Amino acid sequence: MAFLFLVGCQENEDSVLIQEQDSVEASQETEFTNSLEDIDEVVLTGFQRNDFGDRNMVALEEDLCDRAIITWLPGEKTMIIDFGEGCSSPRGVIRKGKIIVKYTGRYWAPGTVITTTFDNYYVNERKIEGIRVVKNLGFDENSKSFTFNMVVEAGKMIWPDGSFRTFASRHQKKVYLPSASSDGLRWELTGTTIGKNREGKEFKSEILQPLVFFQRCVASGIRIPSSGILARKLEDKALLTINFGDGTCDREITLSRGDRSKTINLPRD
């Protein structure tokens, strides 16, 4: 998954302008990240509901609708989270279909591997397909953080109009436990993604500075990173960077290409 972004030295003028399509691509990149983070949150909630998430260590505020059914099959080391024909969570996330989880151990136990697949699963009207594998790499006593290795294969996000984005990703997430100086959990995401966008063009994305999420922001409905920088290369465009800011709970991001920049506010998902 490692790669270099190569930017030609004689690009035409159109290739370096920040255009409306760049704002659309940035919004879709954020939708992709949000969807993966939402899946992790739902899975952890399922573990907590079954006292398999070590509440004494980390207690996640739940955001499942009342009609969600969690079926626990301990003999098969399987959990099925079923949202049926669809329902809206307390924070307004609409989910339908099933998330199927295979696990080797408790969520926060070092070495645990969690494999997630989907059965006609949608989040906010976008269908999610693929295989997501998360491995707990252990706990660092000095930083009070867990590290997770996360891989997605054969990923696909399908919009209501039938257009879709394919992707494969390799990410690492560090989850920092709450402390006296912090307000809830904090987690940082690094890694890369490759795939094809909704127009069938190849793209590569790399997190240049960790994408930082705060539990307090997510709980308030701000599900995008609060800080961090993501670089994105579309096959016919010069490198675009997306800066998520300085840690504030907002939807403002800054797009940059060369010496040009543009600040926009992402729509509410």
# chains A, B, ... in the order shown; residues from 1 in each chain; ligands from 1

call {"tool": "closest_atom_pairs", "arguments": {"of": "range 21-47 of chain A", "to": "range 168-172 of chain A", "cutoff": "12 Å", "atoms": "only C-alpha atoms", "output": "Markdown table"}}
result
| residue | atom | partner | partner_atom | distance |
| --- | --- | --- | --- | --- |
| A:Phe32 | CA | A:Ser169 | CA | 10.8 |
| A:Thr33 | CA | A:Ser169 | CA | 10.5 |
| A:Leu36 | CA | A:Ser169 | CA | 10.4 |
| A:Glu37 | CA | A:His171 | CA | 11.4 |

call {"tool": "residues_around", "arguments": {"residues": "range 87-93 of chain A", "least_positions_apart": "4", "cutoff": "9 Å", "atoms": "only C-alpha atoms", "output": "ChimeraX atom specification"}}
result
/A:62-68,83,123-124,219-221,269

call {"tool": "residues_around", "arguments": {"residues": "Ile99 in chain A", "least_positions_apart": "6", "cutoff": "6 Å", "atoms": "only C-alpha atoms", "output": "tab-separated table (two decimals) with all heavy atoms, in the first residue's frame"}}
result
chain	number	residue	atom	x	y	z
A	80	ILE	N	-24.33	-10.73	15.33
A	80	ILE	CA	-25.08	-10.16	14.20
A	80	ILE	C	-25.85	-8.95	14.71
A	80	ILE	O	-26.64	-9.07	15.66
A	80	ILE	CB	-26.03	-11.19	13.57
A	80	ILE	CG1	-25.24	-12.41	13.09
A	80	ILE	CG2	-26.81	-10.55	12.41
A	80	ILE	CD1	-26.12	-13.55	12.63
A	81	ILE	N	-25.63	-7.80	14.09
A	81	ILE	CA	-26.34	-6.57	14.46
A	81	ILE	C	-27.29	-6.25	13.32
A	81	ILE	O	-26.86	-5.95	12.20
A	81	ILE	CB	-25.36	-5.42	14.71
A	81	ILE	CG1	-24.29	-5.83	15.72
A	81	ILE	CG2	-26.11	-4.18	15.20
A	81	ILE	CD1	-23.16	-4.83	15.87
A	118	PHE	N	-20.95	-7.61	5.62
A	118	PHE	CA	-22.21	-6.88	5.57
A	118	PHE	C	-23.25	-7.62	4.75
A	118	PHE	O	-22.93	-8.23	3.72
A	118	PHE	CB	-21.97	-5.48	4.98
A	118	PHE	CG	-20.82	-4.76	5.63
A	118	PHE	CD1	-19.54	-4.81	5.06
A	118	PHE	CD2	-20.98	-4.08	6.81
A	118	PHE	CE1	-18.47	-4.17	5.67
A	118	PHE	CE2	-19.92	-3.45	7.43
A	118	PHE	CZ	-18.66	-3.50	6.86

call {"tool": "atom_distance", "arguments": {"atom1": "CA of Lys204 in chain A", "atom2": "CA of Thr116 in chain A"}}
result
23.5 Å

call {"tool": "closest_residue", "arguments": {"among": "A:Ser179, A:Thr192, A:Thr115, A:Ser261", "to": "Asp40 in chain A", "atoms": "only C-alpha atoms"}}
result
A:Thr115

call {"tool": "select_by_dssp", "arguments": {"residues": "range 4-215 of chain A", "states": "strand (DSSP E or B)", "output": "ChimeraX atom specification"}}
result
/A:69-73,78-82,87-88,94-103,113-123,126-140,145-158,164-176,186-196,202-214

call {"tool": "write_last_selection", "arguments": {"atoms": "C-alpha atoms", "output": "mmCIF file, in the first residue's frame"}}
result
data_model
loop_
_atom_site.group_PDB
_atom_site.id
_atom_site.type_symbol
_atom_site.label_atom_id
_atom_site.label_comp_id
_atom_site.auth_asym_id
_atom_site.auth_seq_id
_atom_site.Cartn_x
_atom_site.Cartn_y
_atom_site.Cartn_z
ATOM 1 C CA ILE A 69 -31.435 -6.386 17.296
ATOM 2 C CA ILE A 70 -28.110 -7.847 18.433
ATOM 3 C CA THR A 71 -27.850 -11.624 18.183
ATOM 4 C CA TRP A 72 -24.980 -13.138 20.144
ATOM 5 C CA LEU A 73 -23.691 -16.581 19.084
ATOM 6 C CA THR A 78 -20.219 -14.464 16.000
ATOM 7 C CA MET A 79 -22.364 -11.382 16.581
ATOM 8 C CA ILE A 80 -25.077 -10.159 14.202
ATOM 9 C CA ILE A 81 -26.336 -6.572 14.463
ATOM 10 C CA ASP A 82 -29.611 -6.242 12.555
ATOM 11 C CA CYS A 87 -34.103 3.138 11.750
ATOM 12 C CA SER A 88 -32.604 6.405 12.919
ATOM 13 C CA ILE A 94 -29.931 6.019 9.583
ATOM 14 C CA ARG A 95 -28.827 2.391 9.305
ATOM 15 C CA LYS A 96 -30.468 -0.672 7.782
ATOM 16 C CA GLY A 97 -29.457 -4.244 7.005
ATOM 17 C CA LYS A 98 -27.015 -6.401 8.941
ATOM 18 C CA ILE A 99 -23.448 -6.202 10.184
ATOM 19 C CA ILE A 100 -21.947 -9.663 10.757
ATOM 20 C CA VAL A 101 -19.012 -9.844 13.160
ATOM 21 C CA LYS A 102 -16.603 -12.757 13.688
ATOM 22 C CA TYR A 103 -14.195 -12.410 16.630
ATOM 23 C CA VAL A 113 -9.029 -10.154 15.519
ATOM 24 C CA ILE A 114 -12.471 -8.876 14.487
ATOM 25 C CA THR A 115 -13.702 -9.580 10.949
ATOM 26 C CA THR A 116 -16.750 -7.666 9.774
ATOM 27 C CA THR A 117 -18.893 -8.348 6.694
ATOM 28 C CA PHE A 118 -22.208 -6.875 5.573
ATOM 29 C CA ASP A 119 -25.607 -8.169 4.506
ATOM 30 C CA ASN A 120 -27.478 -5.513 2.506
ATOM 31 C CA TYR A 121 -26.127 -2.908 4.938
ATOM 32 C CA TYR A 122 -26.728 0.835 4.493
ATOM 33 C CA VAL A 123 -25.697 3.891 6.473
ATOM 34 C CA ARG A 126 -25.167 4.524 1.171
ATOM 35 C CA LYS A 127 -24.673 0.789 0.809
ATOM 36 C CA ILE A 128 -21.458 -0.640 2.236
ATOM 37 C CA GLU A 129 -19.793 -3.812 0.963
ATOM 38 C CA GLY A 130 -16.463 -5.484 1.648
ATOM 39 C CA ILE A 131 -14.485 -7.255 4.356
ATOM 40 C CA ARG A 132 -13.042 -5.285 7.268
ATOM 41 C CA VAL A 133 -10.447 -6.909 9.527
ATOM 42 C CA VAL A 134 -9.363 -5.190 12.747
ATOM 43 C CA LYS A 135 -6.561 -6.540 14.938
ATOM 44 C CA ASN A 136 -5.789 -5.303 18.441
ATOM 45 C CA LEU A 137 -2.010 -4.786 18.560
ATOM 46 C CA GLY A 138 -1.960 -4.089 22.279
ATOM 47 C CA PHE A 139 -1.824 -1.383 24.928
ATOM 48 C CA ASP A 140 0.939 1.176 25.525
ATOM 49 C CA SER A 145 -3.417 4.012 24.223
ATOM 50 C CA PHE A 146 -4.499 0.954 22.275
ATOM 51 C CA THR A 147 -3.318 0.392 18.700
ATOM 52 C CA PHE A 148 -5.470 -1.316 16.090
ATOM 53 C CA ASN A 149 -4.449 -2.442 12.619
ATOM 54 C CA MET A 150 -7.360 -2.133 10.153
ATOM 55 C CA VAL A 151 -7.645 -3.537 6.638
ATOM 56 C CA VAL A 152 -10.508 -3.320 4.136
ATOM 57 C CA GLU A 153 -10.606 -5.567 1.071
ATOM 58 C CA ALA A 154 -13.100 -5.476 -1.816
ATOM 59 C CA GLY A 155 -14.637 -2.325 -0.339
ATOM 60 C CA LYS A 156 -17.503 -0.665 -2.147
ATOM 61 C CA MET A 157 -19.732 2.298 -1.299
ATOM 62 C CA ILE A 158 -22.887 2.645 -3.404
ATOM 63 C CA PHE A 164 -20.263 3.689 -6.564
ATOM 64 C CA ARG A 165 -16.745 3.978 -5.253
ATOM 65 C CA THR A 166 -14.425 0.997 -4.811
ATOM 66 C CA PHE A 167 -11.613 0.973 -2.285
ATOM 67 C CA ALA A 168 -9.023 -1.017 -0.391
ATOM 68 C CA SER A 169 -7.459 0.499 2.704
ATOM 69 C CA ARG A 170 -4.714 -0.051 5.246
ATOM 70 C CA HIS A 171 -5.071 2.051 8.382
ATOM 71 C CA GLN A 172 -3.791 2.125 11.927
ATOM 72 C CA LYS A 173 -5.819 3.606 14.758
ATOM 73 C CA LYS A 174 -4.584 4.679 18.173
ATOM 74 C CA VAL A 175 -7.285 5.020 20.828
ATOM 75 C CA TYR A 176 -6.255 7.132 23.824
ATOM 76 C CA ARG A 186 -9.466 10.560 21.510
ATOM 77 C CA TRP A 187 -8.373 8.499 18.529
ATOM 78 C CA GLU A 188 -5.935 9.079 15.695
ATOM 79 C CA LEU A 189 -6.009 7.508 12.251
ATOM 80 C CA THR A 190 -3.103 7.026 9.820
ATOM 81 C CA GLY A 191 -2.685 5.025 6.619
ATOM 82 C CA THR A 192 -3.589 4.839 2.938
ATOM 83 C CA THR A 193 -6.487 4.044 0.606
ATOM 84 C CA ILE A 194 -6.582 3.218 -3.106
ATOM 85 C CA GLY A 195 -9.559 2.706 -5.394
ATOM 86 C CA LYS A 196 -11.771 4.221 -8.070
ATOM 87 C CA GLU A 202 -8.293 5.856 -9.965
ATOM 88 C CA PHE A 203 -7.356 7.669 -6.772
ATOM 89 C CA LYS A 204 -4.844 7.309 -3.953
ATOM 90 C CA SER A 205 -5.207 8.852 -0.518
ATOM 91 C CA GLU A 206 -2.619 9.077 2.230
ATOM 92 C CA ILE A 207 -2.914 10.578 5.702
ATOM 93 C CA LEU A 208 0.041 12.952 6.035
ATOM 94 C CA GLN A 209 -0.764 14.060 9.572
ATOM 95 C CA PRO A 210 -2.939 11.846 11.804
ATOM 96 C CA LEU A 211 -6.681 12.437 11.535
ATOM 97 C CA VAL A 212 -7.798 13.169 15.078
ATOM 98 C CA PHE A 213 -11.303 12.449 16.376
ATOM 99 C CA PHE A 214 -12.716 13.467 19.767
#

call {"tool": "atom_distance", "arguments": {"atom1": "CA of Glu141 in chain A", "atom2": "CA of Thr112 in chain A"}}
result
18.2 Å

call {"tool": "closest_residue", "arguments": {"among": "A:Arg106, A:Glu199, A:Asn265, A:Asp250", "to": "Gln21 in chain A", "atoms": "only C-alpha atoms"}}
result
A:Glu199

call {"tool": "decode", "arguments": {"residues": "range 214-230 of chain A", "atoms": "all heavy atoms", "output": "short mmCIF file (atom, residue, chain, number, x, y, z; two decimals), in the first residue's frame"}}
result
data_model
loop_
_atom_site.label_atom_id
_atom_site.label_comp_id
_atom_site.auth_asym_id
_atom_site.auth_seq_id
_atom_site.Cartn_x
_atom_site.Cartn_y
_atom_site.Cartn_z
N PHE A 214 -12.43 13.33 18.34
CA PHE A 214 -12.72 13.47 19.77
C PHE A 214 -14.11 12.93 20.05
O PHE A 214 -15.06 13.21 19.30
CB PHE A 214 -12.63 14.93 20.21
CG PHE A 214 -11.26 15.52 20.13
CD1 PHE A 214 -10.91 16.35 19.08
CD2 PHE A 214 -10.30 15.24 21.10
CE1 PHE A 214 -9.64 16.91 18.99
CE2 PHE A 214 -9.03 15.78 21.02
CZ PHE A 214 -8.69 16.62 19.97
N GLN A 215 -14.23 12.18 21.13
CA GLN A 215 -15.52 11.62 21.50
C GLN A 215 -16.56 12.71 21.70
O GLN A 215 -17.72 12.57 21.31
CB GLN A 215 -15.38 10.78 22.77
CG GLN A 215 -16.63 10.02 23.17
CD GLN A 215 -16.40 9.15 24.40
OE1 GLN A 215 -15.45 9.33 25.14
NE2 GLN A 215 -17.29 8.21 24.62
N ARG A 216 -16.15 13.85 22.26
CA ARG A 216 -17.10 14.93 22.52
C ARG A 216 -17.66 15.50 21.22
O ARG A 216 -18.82 15.91 21.15
CB ARG A 216 -16.44 16.03 23.35
CG ARG A 216 -15.34 16.79 22.64
CD ARG A 216 -14.76 17.92 23.49
NE ARG A 216 -13.80 18.74 22.76
CZ ARG A 216 -12.53 18.45 22.62
NH1 ARG A 216 -12.03 17.37 23.20
NH2 ARG A 216 -11.73 19.26 21.93
N CYS A 217 -16.83 15.53 20.17
CA CYS A 217 -17.29 16.06 18.89
C CYS A 217 -18.27 15.10 18.23
O CYS A 217 -19.33 15.50 17.72
CB CYS A 217 -16.11 16.32 17.96
SG CYS A 217 -14.93 17.56 18.55
N VAL A 218 -17.92 13.81 18.24
CA VAL A 218 -18.80 12.80 17.65
C VAL A 218 -20.14 12.79 18.36
O VAL A 218 -21.20 12.71 17.73
CB VAL A 218 -18.13 11.41 17.71
CG1 VAL A 218 -19.10 10.33 17.26
CG2 VAL A 218 -16.87 11.39 16.83
N ALA A 219 -20.12 12.90 19.69
CA ALA A 219 -21.36 12.89 20.47
C ALA A 219 -22.23 14.10 20.14
O ALA A 219 -23.47 14.03 20.28
CB ALA A 219 -21.04 12.87 21.96
N SER A 220 -21.62 15.20 19.69
CA SER A 220 -22.38 16.40 19.35
C SER A 220 -22.86 16.39 17.90
O SER A 220 -23.51 17.34 17.45
CB SER A 220 -21.53 17.65 19.60
OG SER A 220 -20.48 17.76 18.63
N GLY A 221 -22.53 15.32 17.15
CA GLY A 221 -22.97 15.23 15.77
C GLY A 221 -21.92 15.61 14.75
O GLY A 221 -22.16 15.54 13.55
N ILE A 222 -20.73 16.01 15.21
CA ILE A 222 -19.62 16.35 14.30
C ILE A 222 -18.77 15.11 14.14
O ILE A 222 -17.91 14.81 14.97
CB ILE A 222 -18.77 17.52 14.84
CG1 ILE A 222 -19.66 18.71 15.19
CG2 ILE A 222 -17.70 17.90 13.83
CD1 ILE A 222 -20.36 19.33 14.01
N ARG A 223 -18.98 14.37 13.08
CA ARG A 223 -18.34 13.07 12.93
C ARG A 223 -17.07 13.11 12.08
O ARG A 223 -16.43 12.09 11.87
CB ARG A 223 -19.34 12.08 12.31
CG ARG A 223 -20.63 11.94 13.10
CD ARG A 223 -21.55 10.91 12.49
NE ARG A 223 -20.96 9.58 12.54
CZ ARG A 223 -21.05 8.77 13.59
NH1 ARG A 223 -21.71 9.14 14.68
NH2 ARG A 223 -20.50 7.58 13.57
N ILE A 224 -16.69 14.29 11.58
CA ILE A 224 -15.48 14.38 10.77
C ILE A 224 -14.27 14.62 11.66
O ILE A 224 -14.42 15.00 12.83
CB ILE A 224 -15.60 15.52 9.72
CG1 ILE A 224 -15.53 16.89 10.38
CG2 ILE A 224 -16.88 15.39 8.92
CD1 ILE A 224 -15.40 18.03 9.38
N PRO A 225 -13.04 14.38 11.15
CA PRO A 225 -11.85 14.64 11.98
C PRO A 225 -11.81 16.09 12.44
O PRO A 225 -12.23 17.01 11.71
CB PRO A 225 -10.69 14.33 11.03
CG PRO A 225 -11.26 13.39 10.01
CD PRO A 225 -12.69 13.82 9.84
N SER A 226 -11.27 16.31 13.63
CA SER A 226 -11.12 17.68 14.14
C SER A 226 -9.79 18.30 13.75
O SER A 226 -9.62 19.52 13.82
CB SER A 226 -11.26 17.68 15.67
OG SER A 226 -12.57 17.33 16.05
N SER A 227 -8.83 17.46 13.36
CA SER A 227 -7.55 17.96 12.86
C SER A 227 -6.90 16.86 12.04
O SER A 227 -7.36 15.72 12.01
CB SER A 227 -6.64 18.41 14.01
OG SER A 227 -6.28 17.31 14.83
N GLY A 228 -5.80 17.23 11.37
CA GLY A 228 -5.10 16.27 10.53
C GLY A 228 -5.10 16.70 9.07
O GLY A 228 -5.88 17.57 8.66
N ILE A 229 -4.23 16.08 8.29
CA ILE A 229 -4.11 16.42 6.87
C ILE A 229 -4.12 15.15 6.04
O ILE A 229 -3.37 14.20 6.31
CB ILE A 229 -2.82 17.22 6.57
CG1 ILE A 229 -2.85 18.56 7.33
CG2 ILE A 229 -2.66 17.47 5.07
CD1 ILE A 229 -1.58 19.38 7.16
N LEU A 230 -4.96 15.14 5.03
CA LEU A 230 -5.10 14.01 4.11
C LEU A 230 -4.70 14.48 2.71
O LEU A 230 -5.14 15.54 2.26
CB LEU A 230 -6.54 13.52 4.11
CG LEU A 230 -6.90 12.41 3.14
CD1 LEU A 230 -6.34 11.08 3.63
CD2 LEU A 230 -8.42 12.30 2.98
#
